[in-house]
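> Contents are TSV, C-alpha atoms; file name protein-v5.tsv:
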chain	number	residue	atom	x	y	z
E	982	MET	CA	3.78	-4.60	1.05
E	983	ASP	CA	3.83	-6.03	-2.46
E	984	SER	CA	2.81	-4.12	-5.59
E	985	LYS	CA	-0.72	-5.58	-5.64
E	986	GLU	CA	-1.36	-4.49	-2.05
E	987	PHE	CA	0.15	-1.09	-2.81
E	988	LEU	CA	-2.15	-0.54	-5.78
E	989	GLU	CA	-5.21	-1.75	-3.88
E	990	GLU	CA	-4.44	0.65	-1.02
E	991	LYS	CA	-3.86	3.59	-3.37
E	992	ILE	CA	-7.12	2.87	-5.19
E	993	LYS	CA	-9.02	2.76	-1.87
E	994	GLU	CA	-7.46	6.10	-0.92
E	995	GLY	CA	-8.43	7.48	-4.33
E	996	VAL	CA	-12.04	6.33	-3.92
E	997	LYS	CA	-12.21	8.15	-0.57
E	998	ARG	CA	-10.87	11.34	-2.19
E	999	HIS	CA	-13.37	11.02	-5.03
E	1000	GLU	CA	-16.17	10.68	-2.46
E	1001	GLU	CA	-15.06	13.90	-0.78
E	1002	TYR	CA	-14.61	15.80	-4.05
E	1003	PHE	CA	-17.92	14.59	-5.46
E	1004	SER	CA	-19.72	15.69	-2.31
E	1005	VAL	CA	-18.29	19.21	-2.65
E	1006	TRP	CA	-19.09	19.31	-6.38
E	1007	LYS	CA	-22.63	18.06	-5.74
E	1008	ASN	CA	-23.17	20.85	-3.20
E	1009	ASN	CA	-22.08	23.38	-5.82
E	1010	TYR	CA	-24.02	21.73	-8.68
E	1011	PRO	CA	-27.08	20.08	-7.10
E	1012	SER	CA	-28.60	19.12	-10.45
E	1013	GLY	CA	-25.35	17.51	-11.63
E	1014	THR	CA	-25.05	13.75	-11.99
E	1015	LEU	CA	-22.33	11.32	-11.03
E	1016	GLN	CA	-21.74	10.49	-14.69
E	1017	GLU	CA	-21.34	14.19	-15.52
E	1018	TRP	CA	-18.81	14.60	-12.69
E	1019	LYS	CA	-16.89	11.49	-13.78
E	1020	SER	CA	-16.80	12.75	-17.37
E	1021	LEU	CA	-15.40	16.09	-16.23
E	1022	ASN	CA	-12.69	14.31	-14.26
E	1023	GLU	CA	-11.80	11.98	-17.11
E	1024	ALA	CA	-11.53	14.94	-19.50
E	1025	SER	CA	-9.14	16.71	-17.15
E	1026	VAL	CA	-6.51	13.96	-17.38
E	1027	ASN	CA	-3.40	14.70	-19.43
E	1028	ILE	CA	-3.20	11.59	-21.59
E	1029	ASN	CA	-0.17	12.90	-23.49
E	1030	THR	CA	2.28	12.56	-20.63
E	1031	THR	CA	5.36	10.39	-20.98
E	1032	ASP	CA	6.44	10.60	-17.34
E	1033	ASN	CA	6.18	7.15	-15.73
E	1034	SER	CA	5.17	8.47	-12.31
E	1035	GLU	CA	2.43	10.61	-13.89
E	1036	ILE	CA	1.19	7.62	-15.88
E	1037	LEU	CA	1.00	5.56	-12.67
E	1038	ALA	CA	-0.84	8.37	-10.86
E	1039	ILE	CA	-3.28	8.75	-13.77
E	1040	GLY	CA	-3.92	5.02	-13.79
E	1041	ILE	CA	-4.65	4.95	-10.07
E	1042	PHE	CA	-6.83	8.08	-10.40
E	1043	LEU	CA	-8.90	6.51	-13.19
E	1044	LEU	CA	-9.18	3.11	-11.47
E	1045	ALA	CA	-10.41	4.81	-8.31
E	1046	LEU	CA	-12.83	6.90	-10.37
E	1047	ASP	CA	-14.16	3.72	-11.95
E	1048	GLU	CA	-14.55	2.08	-8.51
E	1049	PHE	CA	-16.41	5.09	-7.10
E	1050	ASN	CA	-20.19	4.66	-7.22
E	1051	HIS	CA	-22.04	7.14	-5.08
If you convert what's in this file into structure tokens, what do you get?

Amino acid sequence: MDSKEFLEEKIKEGVKRHEEYFSVWKNNYPSGTLQEWKSLNEASVNINTTDNSEILAIGIFLLALDEFNH
């Protein structure tokens, strides 16, 4: 598997996780919106990290969040 395939697979996995987490959040906050949930997730990211593996994980997390449209 090359790096492009790896990233595509990880983003797909991330979208599936976001779908699950959004569903749980929506059950707890029925009047909440997708944009509100996305904003909460974006705000929770530690953008001050210098660890390469964390930066990669954050990038995949945010790309999957951007791909997720419920």
> Between atom CA of Lys1019 of chain E and atom CA of Asn1033 of chain E, what is the spacing in Å?
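Atom CA of Lys1019 of chain E lies at a distance of 23.6 Å from atom CA of Asn1033 of chain E.
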> Applying 12 Å and only C-alpha atoms, which residues near Lys1007 of chain E remain after dropping the ones on its own chain fewer than 5 positions away? List them as a list in words.
His999, Glu1000, Glu1001, Tyr1002, Ser1012, Gly1013, Thr1014, Leu1015, Gln1016, Glu1017, Trp1018, Lys1019 and His1051 of chain E
> Nearest to Ile1041 of chain E among E:Leu988, E:Leu1021, E:Met982, E:Val1026, with distances taken over all atoms listed in the file: which residue is it?
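Residue with the minimum atom-to-atom distance to Ile1041 of chain E: E:Leu988.
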> Go through E:Ile992, E:Thr1030, E:Trp1006, E:Pro1011 one by one, measure the shortest atom-to-atom distance of each to Leu1044 of chain E using only C-alpha atoms, and give the residue with the smallest value.
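Answer, going by the shortest atom-to-atom distance: E:Ile992.
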> Counting all atoms listed in the file, which of E:Asn1009, E:Ser1004, E:Phe987, E:Asn1022 gets nearest to Phe1042 of chain E?
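Checking each candidate against Phe1042 of chain E, we get E:Asn1022 as the closest.
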> So which one's closest to Leu1046 of chain E, E:Ser1020, E:Ser1034, E:Asn1027, E:Asn1008? Using only C-alpha atoms, please.
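Smallest separation from Leu1046 of chain E among the options: E:Ser1020.
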> As lines of an AutoDock Vina configuration file, please: the centre and edge lengths in Å, to one decimal, of an axis-aligned box enclosing every listed atom of segment 1001-1020 of chain E with 6 Å added on each side.

center_x = -21.6
center_y = 16.9
center_z = -9.1
size_x = 26.0
size_y = 24.9
size_z = 28.6
> Go through E:Thr1031, E:Lys997, E:Glu1023, E:Phe1003 and flag the residue nearest Glu1048 of chain E, using all atoms listed in the file for the distances.
E:Lys997
> Kindly give the distance, in Å, that separates atom CA of Ser1025 of chain E and atom CA of Val1005 of chain E, rounded to a single decimal.
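Calculated distance between atom CA of Ser1025 of chain E and atom CA of Val1005 of chain E is 17.3 Å.
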> Separation of atom CA of Asn1050 of chain E and atom CA of Asp1032 of chain E, in Å?
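So the answer is 29.1 Å.
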> Please, could N, CA, C and O atoms be added to segment 991-1002 of chain E and the result written as a PDB file, in the coordinates of the input?

ATOM      1  N   LYS E 991      -3.794   2.284  -2.692  1.00  0.00           N
ATOM      2  CA  LYS E 991      -3.860   3.590  -3.370  1.00  0.00           C
ATOM      3  C   LYS E 991      -5.217   3.802  -4.038  1.00  0.00           C
ATOM      4  O   LYS E 991      -5.749   4.907  -4.027  1.00  0.00           O
ATOM      5  N   ILE E 992      -5.797   2.747  -4.586  1.00  0.00           N
ATOM      6  CA  ILE E 992      -7.120   2.870  -5.190  1.00  0.00           C
ATOM      7  C   ILE E 992      -8.171   3.158  -4.128  1.00  0.00           C
ATOM      8  O   ILE E 992      -9.039   4.006  -4.321  1.00  0.00           O
ATOM      9  N   LYS E 993      -8.084   2.484  -2.972  1.00  0.00           N
ATOM     10  CA  LYS E 993      -9.020   2.760  -1.870  1.00  0.00           C
ATOM     11  C   LYS E 993      -8.903   4.212  -1.418  1.00  0.00           C
ATOM     12  O   LYS E 993      -9.905   4.879  -1.164  1.00  0.00           O
ATOM     13  N   GLU E 994      -7.668   4.705  -1.299  1.00  0.00           N
ATOM     14  CA  GLU E 994      -7.460   6.100  -0.920  1.00  0.00           C
ATOM     15  C   GLU E 994      -8.053   7.028  -1.981  1.00  0.00           C
ATOM     16  O   GLU E 994      -8.665   8.046  -1.648  1.00  0.00           O
ATOM     17  N   GLY E 995      -7.887   6.671  -3.239  1.00  0.00           N
ATOM     18  CA  GLY E 995      -8.430   7.480  -4.330  1.00  0.00           C
ATOM     19  C   GLY E 995      -9.951   7.514  -4.301  1.00  0.00           C
ATOM     20  O   GLY E 995     -10.561   8.561  -4.536  1.00  0.00           O
ATOM     21  N   VAL E 996     -10.576   6.383  -4.012  1.00  0.00           N
ATOM     22  CA  VAL E 996     -12.040   6.330  -3.920  1.00  0.00           C
ATOM     23  C   VAL E 996     -12.519   7.267  -2.813  1.00  0.00           C
ATOM     24  O   VAL E 996     -13.492   8.014  -2.991  1.00  0.00           O
ATOM     25  N   LYS E 997     -11.838   7.260  -1.679  1.00  0.00           N
ATOM     26  CA  LYS E 997     -12.210   8.150  -0.570  1.00  0.00           C
ATOM     27  C   LYS E 997     -12.099   9.612  -0.989  1.00  0.00           C
ATOM     28  O   LYS E 997     -12.969  10.426  -0.673  1.00  0.00           O
ATOM     29  N   ARG E 998     -11.025   9.959  -1.708  1.00  0.00           N
ATOM     30  CA  ARG E 998     -10.870  11.340  -2.190  1.00  0.00           C
ATOM     31  C   ARG E 998     -11.965  11.700  -3.177  1.00  0.00           C
ATOM     32  O   ARG E 998     -12.526  12.787  -3.135  1.00  0.00           O
ATOM     33  N   HIS E 999     -12.295  10.764  -4.072  1.00  0.00           N
ATOM     34  CA  HIS E 999     -13.370  11.020  -5.030  1.00  0.00           C
ATOM     35  C   HIS E 999     -14.693  11.246  -4.308  1.00  0.00           C
ATOM     36  O   HIS E 999     -15.477  12.109  -4.707  1.00  0.00           O
ATOM     37  N   GLU E1000     -14.945  10.489  -3.251  1.00  0.00           N
ATOM     38  CA  GLU E1000     -16.170  10.680  -2.460  1.00  0.00           C
ATOM     39  C   GLU E1000     -16.227  12.090  -1.901  1.00  0.00           C
ATOM     40  O   GLU E1000     -17.267  12.762  -1.969  1.00  0.00           O
ATOM     41  N   GLU E1001     -15.115  12.552  -1.353  1.00  0.00           N
ATOM     42  CA  GLU E1001     -15.060  13.900  -0.780  1.00  0.00           C
ATOM     43  C   GLU E1001     -15.252  14.961  -1.869  1.00  0.00           C
ATOM     44  O   GLU E1001     -16.036  15.897  -1.704  1.00  0.00           O
ATOM     45  N   TYR E1002     -14.535  14.812  -2.980  1.00  0.00           N
ATOM     46  CA  TYR E1002     -14.610  15.800  -4.050  1.00  0.00           C
ATOM     47  C   TYR E1002     -15.985  15.818  -4.705  1.00  0.00           C
ATOM     48  O   TYR E1002     -16.501  16.873  -5.064  1.00  0.00           O
TER      49      TYR E1002
END
